[in-house]
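File shown: final.cif. Contents: mmCIF, C-alpha atoms.
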```
data_entry
#
loop_
_atom_site.label_atom_id
_atom_site.label_comp_id
_atom_site.auth_asym_id
_atom_site.auth_seq_id
_atom_site.Cartn_x
_atom_site.Cartn_y
_atom_site.Cartn_z
CA MET A 1 149.43 322.64 -24.77
CA ILE A 2 146.55 323.47 -22.43
CA PHE A 3 144.34 324.59 -25.31
CA ALA A 4 145.16 321.48 -27.35
CA THR A 5 144.27 319.27 -24.39
CA LEU A 6 141.02 321.16 -23.84
CA GLU A 7 140.13 320.80 -27.51
CA HIS A 8 140.83 317.06 -27.33
CA ILE A 9 138.60 316.69 -24.25
CA LEU A 10 135.73 318.68 -25.78
CA THR A 11 135.93 316.61 -28.96
CA HIS A 12 135.50 313.34 -27.10
CA ILE A 13 132.79 314.70 -24.80
CA SER A 14 130.68 316.00 -27.69
CA PHE A 15 131.12 312.76 -29.64
CA SER A 16 130.17 310.67 -26.59
CA ILE A 17 127.07 312.74 -25.86
CA ILE A 18 125.76 312.61 -29.39
CA SER A 19 126.44 308.85 -29.50
CA ILE A 20 124.02 308.52 -26.60
CA VAL A 21 121.52 311.00 -28.03
CA ILE A 22 120.90 309.06 -31.25
CA PRO A 23 119.65 305.76 -29.69
CA THR A 24 117.73 307.79 -27.11
CA HIS A 25 115.99 309.73 -29.83
CA LEU A 26 115.19 306.54 -31.75
CA MET A 27 113.57 305.16 -28.60
CA THR A 28 111.40 308.28 -28.31
CA LEU A 29 110.21 307.76 -31.89
CA VAL A 30 109.07 304.23 -31.04
CA TYR A 31 107.73 304.65 -27.50
CA GLU A 32 106.99 308.41 -27.37
CA ILE A 33 108.39 308.81 -23.85
CA VAL A 34 108.33 312.51 -22.90
CA GLY A 35 111.25 312.25 -20.47
CA LEU A 36 113.51 310.59 -23.05
CA CYS A 37 112.57 313.15 -25.69
CA ASP A 38 113.51 316.02 -23.39
CA SER A 39 116.79 314.29 -22.48
CA SER A 40 117.75 313.83 -26.13
CA GLU A 41 117.09 317.50 -26.84
CA LYS A 42 119.21 318.57 -23.88
CA GLY A 43 121.91 316.19 -25.08
CA MET A 44 122.01 317.95 -28.45
CA ILE A 45 122.26 321.31 -26.68
CA ALA A 46 125.22 319.99 -24.68
CA THR A 47 126.79 318.72 -27.91
CA PHE A 48 126.32 322.13 -29.52
CA LEU A 49 127.99 323.84 -26.57
CA CYS A 50 130.92 321.40 -26.60
CA ILE A 51 131.55 321.87 -30.32
CA THR A 52 131.23 325.64 -29.87
CA GLY A 53 133.83 325.50 -27.10
CA LEU A 54 136.06 323.34 -29.29
CA LEU A 55 135.93 325.80 -32.20
CA VAL A 56 136.49 328.82 -29.94
CA THR A 57 139.44 327.10 -28.25
CA ARG A 58 141.01 326.25 -31.59
CA TRP A 59 140.41 329.83 -32.75
CA ILE A 60 142.20 331.24 -29.70
CA TYR A 61 145.36 329.14 -29.82
CA SER A 62 145.65 329.07 -33.64
CA GLY A 63 145.08 332.79 -34.04
CA HIS A 64 142.67 332.42 -36.96
CA VAL A 65 139.07 331.35 -37.54
CA PRO A 66 138.97 327.50 -37.62
CA LEU A 67 137.83 327.13 -41.22
CA SER A 68 141.15 326.58 -42.97
CA ASP A 69 141.12 322.84 -43.77
CA LEU A 70 138.86 319.83 -44.13
CA TYR A 71 139.03 318.85 -40.44
CA GLU A 72 137.98 322.30 -39.24
CA SER A 73 135.26 322.60 -41.87
CA LEU A 74 133.83 319.19 -40.87
CA MET A 75 133.71 320.27 -37.23
CA PHE A 76 131.97 323.49 -38.27
CA LEU A 77 129.54 321.46 -40.39
CA SER A 78 128.79 319.27 -37.38
CA TRP A 79 128.24 322.45 -35.35
CA SER A 80 125.85 323.68 -38.06
CA PHE A 81 123.80 320.47 -37.89
CA SER A 82 123.59 320.84 -34.11
CA LEU A 83 122.49 324.47 -34.48
CA MET A 84 119.74 323.51 -36.92
CA HIS A 85 118.59 320.90 -34.41
CA ILE A 86 118.22 323.17 -31.41
CA VAL A 87 116.75 326.28 -33.09
CA PRO A 88 113.29 324.68 -33.64
CA TYR A 89 113.47 323.31 -30.08
CA PHE A 90 113.87 326.77 -28.52
CA ARG A 91 111.15 328.18 -30.77
CA ASN A 92 108.78 325.34 -29.82
CA TYR A 93 108.44 324.18 -33.42
CA LYS A 94 107.66 320.55 -34.10
CA SER A 95 110.04 319.79 -36.93
CA TYR A 96 111.58 316.62 -38.30
CA PHE A 97 115.18 317.78 -38.10
CA SER A 98 116.08 315.70 -35.06
CA THR A 99 115.89 312.44 -36.97
CA ILE A 100 118.25 313.90 -39.58
CA THR A 101 120.49 316.38 -37.80
CA ALA A 102 121.67 314.12 -34.95
CA PRO A 103 122.98 311.31 -37.23
CA SER A 104 124.42 313.92 -39.62
CA ALA A 105 126.28 315.61 -36.77
CA ILE A 106 127.79 312.38 -35.47
CA LEU A 107 128.80 311.16 -38.95
CA THR A 108 130.59 314.39 -39.85
CA GLN A 109 132.25 314.67 -36.46
CA GLY A 110 133.14 310.97 -36.48
CA PHE A 111 134.91 311.29 -39.81
CA ALA A 112 136.66 314.50 -38.73
CA THR A 113 138.09 312.83 -35.62
CA SER A 114 138.96 309.57 -37.35
CA GLY A 115 142.49 308.51 -38.17
CA LEU A 116 142.02 309.55 -41.81
CA LEU A 117 142.49 313.23 -40.95
CA THR A 118 145.05 312.89 -38.15
CA LYS A 119 147.53 315.22 -39.87
CA MET A 120 144.93 318.02 -39.89
CA HIS A 121 144.14 317.82 -36.17
CA GLN A 122 147.07 320.08 -35.40
CA SER A 123 146.43 323.67 -36.35
CA ALA A 124 148.84 325.15 -38.89
CA ILE A 125 149.71 328.62 -40.13
CA LEU A 126 147.30 329.87 -42.76
CA VAL A 127 148.47 329.69 -46.35
CA PRO A 128 148.74 333.16 -47.97
CA ALA A 129 145.54 332.66 -50.00
CA LEU A 130 143.52 332.24 -46.78
CA GLN A 131 144.96 335.22 -44.95
CA SER A 132 141.99 337.42 -45.73
CA ARG A 133 139.04 338.99 -43.93
CA TRP A 134 136.80 337.13 -46.40
CA LEU A 135 137.70 333.72 -44.95
CA MET A 136 135.07 333.75 -42.22
CA MET A 137 132.35 335.29 -44.40
CA HIS A 138 132.77 333.02 -47.40
CA VAL A 139 133.51 329.66 -45.77
CA SER A 140 130.95 330.01 -42.96
CA MET A 141 128.19 330.91 -45.43
CA MET A 142 129.09 327.96 -47.66
CA LEU A 143 129.13 325.46 -44.80
CA LEU A 144 125.91 326.75 -43.28
CA SER A 145 124.29 326.50 -46.71
CA TYR A 146 125.57 322.92 -47.11
CA ALA A 147 124.06 321.99 -43.75
CA ALA A 148 120.68 323.52 -44.62
CA LEU A 149 120.59 322.07 -48.13
CA LEU A 150 121.59 318.61 -46.91
CA CYS A 151 118.84 318.65 -44.25
CA GLY A 152 116.26 319.86 -46.75
CA SER A 153 117.32 317.25 -49.29
CA LEU A 154 117.10 314.48 -46.69
CA LEU A 155 113.57 315.60 -45.84
CA SER A 156 112.71 315.32 -49.54
CA ILE A 157 114.27 311.87 -49.71
CA THR A 158 112.19 310.83 -46.70
CA LEU A 159 109.08 312.12 -48.47
CA LEU A 160 109.92 310.06 -51.56
CA VAL A 161 110.51 306.91 -49.49
CA ILE A 162 107.12 307.27 -47.75
CA ARG A 163 105.29 307.79 -51.02
CA PHE A 164 107.16 305.01 -52.75
CA LYS A 165 106.31 302.54 -49.98
CA ARG A 166 102.67 303.61 -50.11
CA ASN A 167 102.47 303.05 -53.85
CA MET A 168 104.34 299.73 -53.67
CA ALA A 169 101.45 298.42 -51.58
CA VAL A 170 99.13 298.86 -54.56
CA ILE A 171 101.64 298.20 -57.34
CA GLY A 172 99.81 295.05 -58.37
CA LYS A 173 96.73 297.10 -59.21
CA THR A 174 98.38 299.34 -61.76
CA THR A 175 99.92 298.77 -65.16
CA ASN A 176 102.41 301.61 -65.02
CA PHE A 177 105.11 301.09 -62.38
CA LEU A 178 106.90 304.41 -62.65
CA MET A 179 103.75 306.49 -62.68
CA SER A 180 102.38 304.72 -59.63
CA ALA A 181 105.66 304.94 -57.74
CA PHE A 182 106.03 308.70 -57.98
CA SER A 183 102.66 310.14 -58.94
CA PHE A 184 100.54 311.77 -56.28
CA ASP A 185 96.89 312.69 -56.16
CA GLU A 186 95.36 314.15 -53.02
CA THR A 187 91.93 312.70 -53.88
CA GLN A 188 93.19 309.18 -53.26
CA TYR A 189 93.34 310.01 -49.55
CA LEU A 190 89.59 310.68 -49.39
CA ASN A 191 87.46 307.88 -48.00
CA VAL A 192 90.50 305.87 -46.90
CA PRO A 193 91.59 304.66 -43.45
CA LEU A 194 92.78 307.27 -40.96
CA THR A 195 96.35 305.89 -41.10
CA ASN A 196 96.67 306.88 -44.74
CA TYR A 197 95.38 310.37 -43.99
CA HIS A 198 97.97 310.80 -41.25
CA ARG A 199 100.61 309.66 -43.73
CA TYR A 200 99.35 312.27 -46.16
CA GLN A 201 99.64 314.95 -43.49
CA LEU A 202 103.18 313.80 -42.72
CA THR A 203 104.24 314.06 -46.37
CA GLN A 204 102.70 317.52 -46.58
CA ARG A 205 104.67 318.68 -43.54
CA LEU A 206 107.87 317.13 -44.88
CA ASP A 207 107.34 318.91 -48.18
CA HIS A 208 106.70 322.21 -46.39
CA TRP A 209 109.76 322.00 -44.16
CA SER A 210 111.97 320.80 -47.00
CA TYR A 211 111.00 323.83 -49.07
CA ARG A 212 111.63 326.26 -46.21
CA VAL A 213 115.03 324.80 -45.28
CA ILE A 214 116.23 324.54 -48.89
CA GLY A 215 115.11 328.13 -49.46
CA LEU A 216 117.26 329.21 -46.51
CA GLY A 217 120.19 327.13 -47.72
CA PHE A 218 119.92 328.51 -51.25
CA THR A 219 120.07 332.07 -49.92
CA LEU A 220 123.16 331.28 -47.85
CA LEU A 221 124.75 329.51 -50.82
CA THR A 222 124.19 332.55 -53.02
CA ILE A 223 125.80 334.82 -50.42
CA GLY A 224 128.70 332.38 -50.07
CA ILE A 225 129.33 332.23 -53.82
CA LEU A 226 129.14 336.01 -54.23
CA SER A 227 131.50 336.65 -51.31
CA GLY A 228 133.84 334.00 -52.72
CA ALA A 229 133.84 335.76 -56.09
CA VAL A 230 134.82 339.06 -54.47
CA TRP A 231 137.55 337.30 -52.50
CA ALA A 232 138.82 335.55 -55.65
CA ASN A 233 139.10 338.88 -57.43
CA GLU A 234 141.23 340.24 -54.58
CA ALA A 235 143.42 337.13 -54.33
CA TRP A 236 143.73 335.99 -57.95
CA GLY A 237 142.61 338.98 -60.00
CA SER A 238 139.48 337.33 -61.40
CA TYR A 239 135.95 336.89 -60.06
CA TRP A 240 135.56 333.42 -61.59
CA ASN A 241 138.18 330.91 -62.72
CA TRP A 242 136.13 327.72 -63.33
CA ASP A 243 138.14 325.96 -60.64
CA PRO A 244 136.69 322.46 -59.86
CA LYS A 245 135.29 323.77 -56.56
CA GLU A 246 133.76 326.81 -58.24
CA THR A 247 132.30 324.71 -61.04
CA TRP A 248 130.61 322.26 -58.68
CA ALA A 249 129.38 325.11 -56.49
CA PHE A 250 127.73 326.59 -59.56
CA ILE A 251 126.21 323.19 -60.43
CA THR A 252 124.89 322.92 -56.87
CA TRP A 253 123.38 326.41 -57.12
CA THR A 254 121.77 325.54 -60.47
CA VAL A 255 120.21 322.30 -59.19
CA PHE A 256 118.57 324.00 -56.23
CA ALA A 257 117.52 326.96 -58.40
CA ILE A 258 115.69 324.39 -60.53
CA TYR A 259 114.13 322.95 -57.36
CA LEU A 260 112.84 326.37 -56.28
CA HIS A 261 111.53 326.97 -59.80
CA THR A 262 109.56 323.71 -59.71
CA ARG A 263 107.95 324.92 -56.50
CA THR A 264 106.36 327.79 -58.42
CA ASN A 265 104.43 325.28 -60.54
CA GLN A 266 101.73 323.51 -58.56
CA ASN A 267 101.83 320.52 -60.89
CA LEU A 268 105.53 319.99 -60.14
CA GLN A 269 105.34 320.34 -56.37
CA GLY A 270 105.61 317.37 -54.05
CA ALA A 271 107.32 314.29 -55.46
CA ASN A 272 108.64 315.96 -58.62
CA SER A 273 110.44 318.73 -56.77
CA ALA A 274 111.59 316.21 -54.13
CA ILE A 275 113.36 314.22 -56.86
CA VAL A 276 115.33 317.35 -57.83
CA ALA A 277 116.24 317.96 -54.18
CA SER A 278 117.36 314.33 -53.86
CA MET A 279 119.71 314.83 -56.80
CA GLY A 280 121.02 317.92 -55.06
CA PHE A 281 121.96 315.82 -52.02
CA LEU A 282 124.51 313.93 -54.11
CA ILE A 283 125.74 317.08 -55.85
CA ILE A 284 126.46 318.78 -52.52
CA TRP A 285 128.68 315.94 -51.33
CA ILE A 286 130.57 315.96 -54.63
CA CYS A 287 131.08 319.72 -54.31
CA TYR A 288 132.10 319.67 -50.66
CA PHE A 289 133.94 316.38 -50.27
CA GLY A 290 134.47 314.76 -53.67
CA VAL A 291 136.38 317.68 -55.17
CA ASN A 292 138.79 317.61 -52.22
CA LEU A 293 139.86 314.10 -53.22
CA LEU A 294 141.24 315.52 -56.47
CA GLY A 295 143.70 317.79 -54.67
CA ARG A 296 143.83 320.07 -57.69
CA GLY A 297 142.79 323.62 -58.48
CA LEU A 298 142.85 326.89 -56.60
CA HIS A 299 141.06 325.29 -53.63
CA SER A 300 143.62 322.50 -53.21
CA TYR A 301 144.41 323.60 -49.64
CA GLY A 302 141.15 321.87 -48.66
CA SER A 303 142.29 318.53 -50.06
CA PHE A 304 143.60 315.59 -48.09
CA THR A 305 145.34 312.28 -48.56
CA LEU A 306 144.33 309.09 -46.81
CA ASN A 307 146.74 308.03 -44.08
CA THR A 308 148.26 304.58 -44.52
#
```
Would you encode the structure as structure tokens?
Amino acid sequence: MIFATLEHILTHISFSIISIVIPTHLMTLVYEIVGLCDSSEKGMIATFLCITGLLVTRWIYSGHVPLSDLYESLMFLSWSFSLMHIVPYFRNYKSYFSTITAPSAILTQGFATSGLLTKMHQSAILVPALQSRWLMMHVSMMLLSYAALLCGSLLSITLLVIRFKRNMAVIGKTTNFLMSAFSFDETQYLNVPLTNYHRYQLTQRLDHWSYRVIGLGFTLLTIGILSGAVWANEAWGSYWNWDPKETWAFITWTVFAIYLHTRTNQNLQGANSAIVASMGFLIIWICYFGVNLLGRGLHSYGSFTLNT
């Protein structure tokens, strides 16, 4: 009872803090107030600590790692977004995660604590299929990879939006709409106002960080899929069963493998590779959340029904 109460308190504290952090961070983007920026970063650190305490508390009183259902995985995903937010802060990197990770953390945590998943808030005994040492390895790697791939994809989407808006300003001067909307030539930034050059630098940094984060996420996804295959062989006698979850995980892996391949071709870098990453953003949500709506397959223990 004490642990359940503590978990409930930590959930509301973390959600309240991050609800304050988001508008604070938006104000820092507009007014560039150093004090507010530092406060928002400390708020995300406090959120990370609260979610960490929540997961540890649930682990202690449930007796197993809190990765057994959709509620616990959403809380871990929110923790992952918070982790990705504070790592660049402690390493003094100027990244663009804060604009993405803070809203992502509050949306995932908000859905997890909503009335839709009330039945999952109470920890239950693990089903036989999950009573394995591979649970922590496989699920944690998959969720960390989802967090990294989602952040990287959102950076790519931001890059596309910036370039699309730039080209829309001169759309009346071209005869080919699609080519002007997504084509990119560095020479067009020569002999132009300083604002456009700063925008060019921003898109270059977004492209760079997107590539690095997606590369990390792809590595984690590969580890997660391989560990899942070994676990599946132990539990079901086969490394691969083309379960809906497995199939969409493979599709996700393929999409981001294509993205990384486009990065090896200089002509396909930038907007072209960002389009592939943007497609991957949708694929990830289908793999992680959409398949759970089906409630079928070997991974059906991660499914849920809407409360009425």
(message) So the first atom is atom CA of Ile157 of chain A and the second is atom CA of Leu49 of chain A; what is the distance between them in Å, to one decimal place?
(response)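 That distance, rounded to one decimal, is 29.4 Å.
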(request) Have a look at atom CA of Thr47 of chain A and atom CA of Ala105 of chain A and let me know their distance in Å, one decimal. (result)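 Taking atom CA of Thr47 of chain A as the start and atom CA of Ala105 of chain A as the end point, the length is 9.4 Å.
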(message) Taking the file as I've supplied it (selection: the PyMOL selection byres ((chain A and resi 129) around 10)), which residues are included? Please answer as a PyMOL selection string.
(response) chain A and resi 126-128+130-132+135+231-232+234-236+298-299+301
Do a neighbour search on Ile18 of chain A at 7 Å with only C-alpha atoms, toss out local chain neighbours closer than 3 positions, and write the hits as a compact mmCIF listing (two decimals) with C-alpha atoms, in the frame of the given file.
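The file below, part22.txt, is the result:
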```
# COMPACT_ATOMS: atom_id res chain seq x y z
CA SER A 14 130.68 316.00 -27.69
CA PHE A 15 131.12 312.76 -29.64
CA VAL A 21 121.52 311.00 -28.03
CA ILE A 22 120.90 309.06 -31.25
CA GLY A 43 121.91 316.19 -25.08
CA MET A 44 122.01 317.95 -28.45
CA THR A 47 126.79 318.72 -27.91
CA ILE A 106 127.79 312.38 -35.47
```
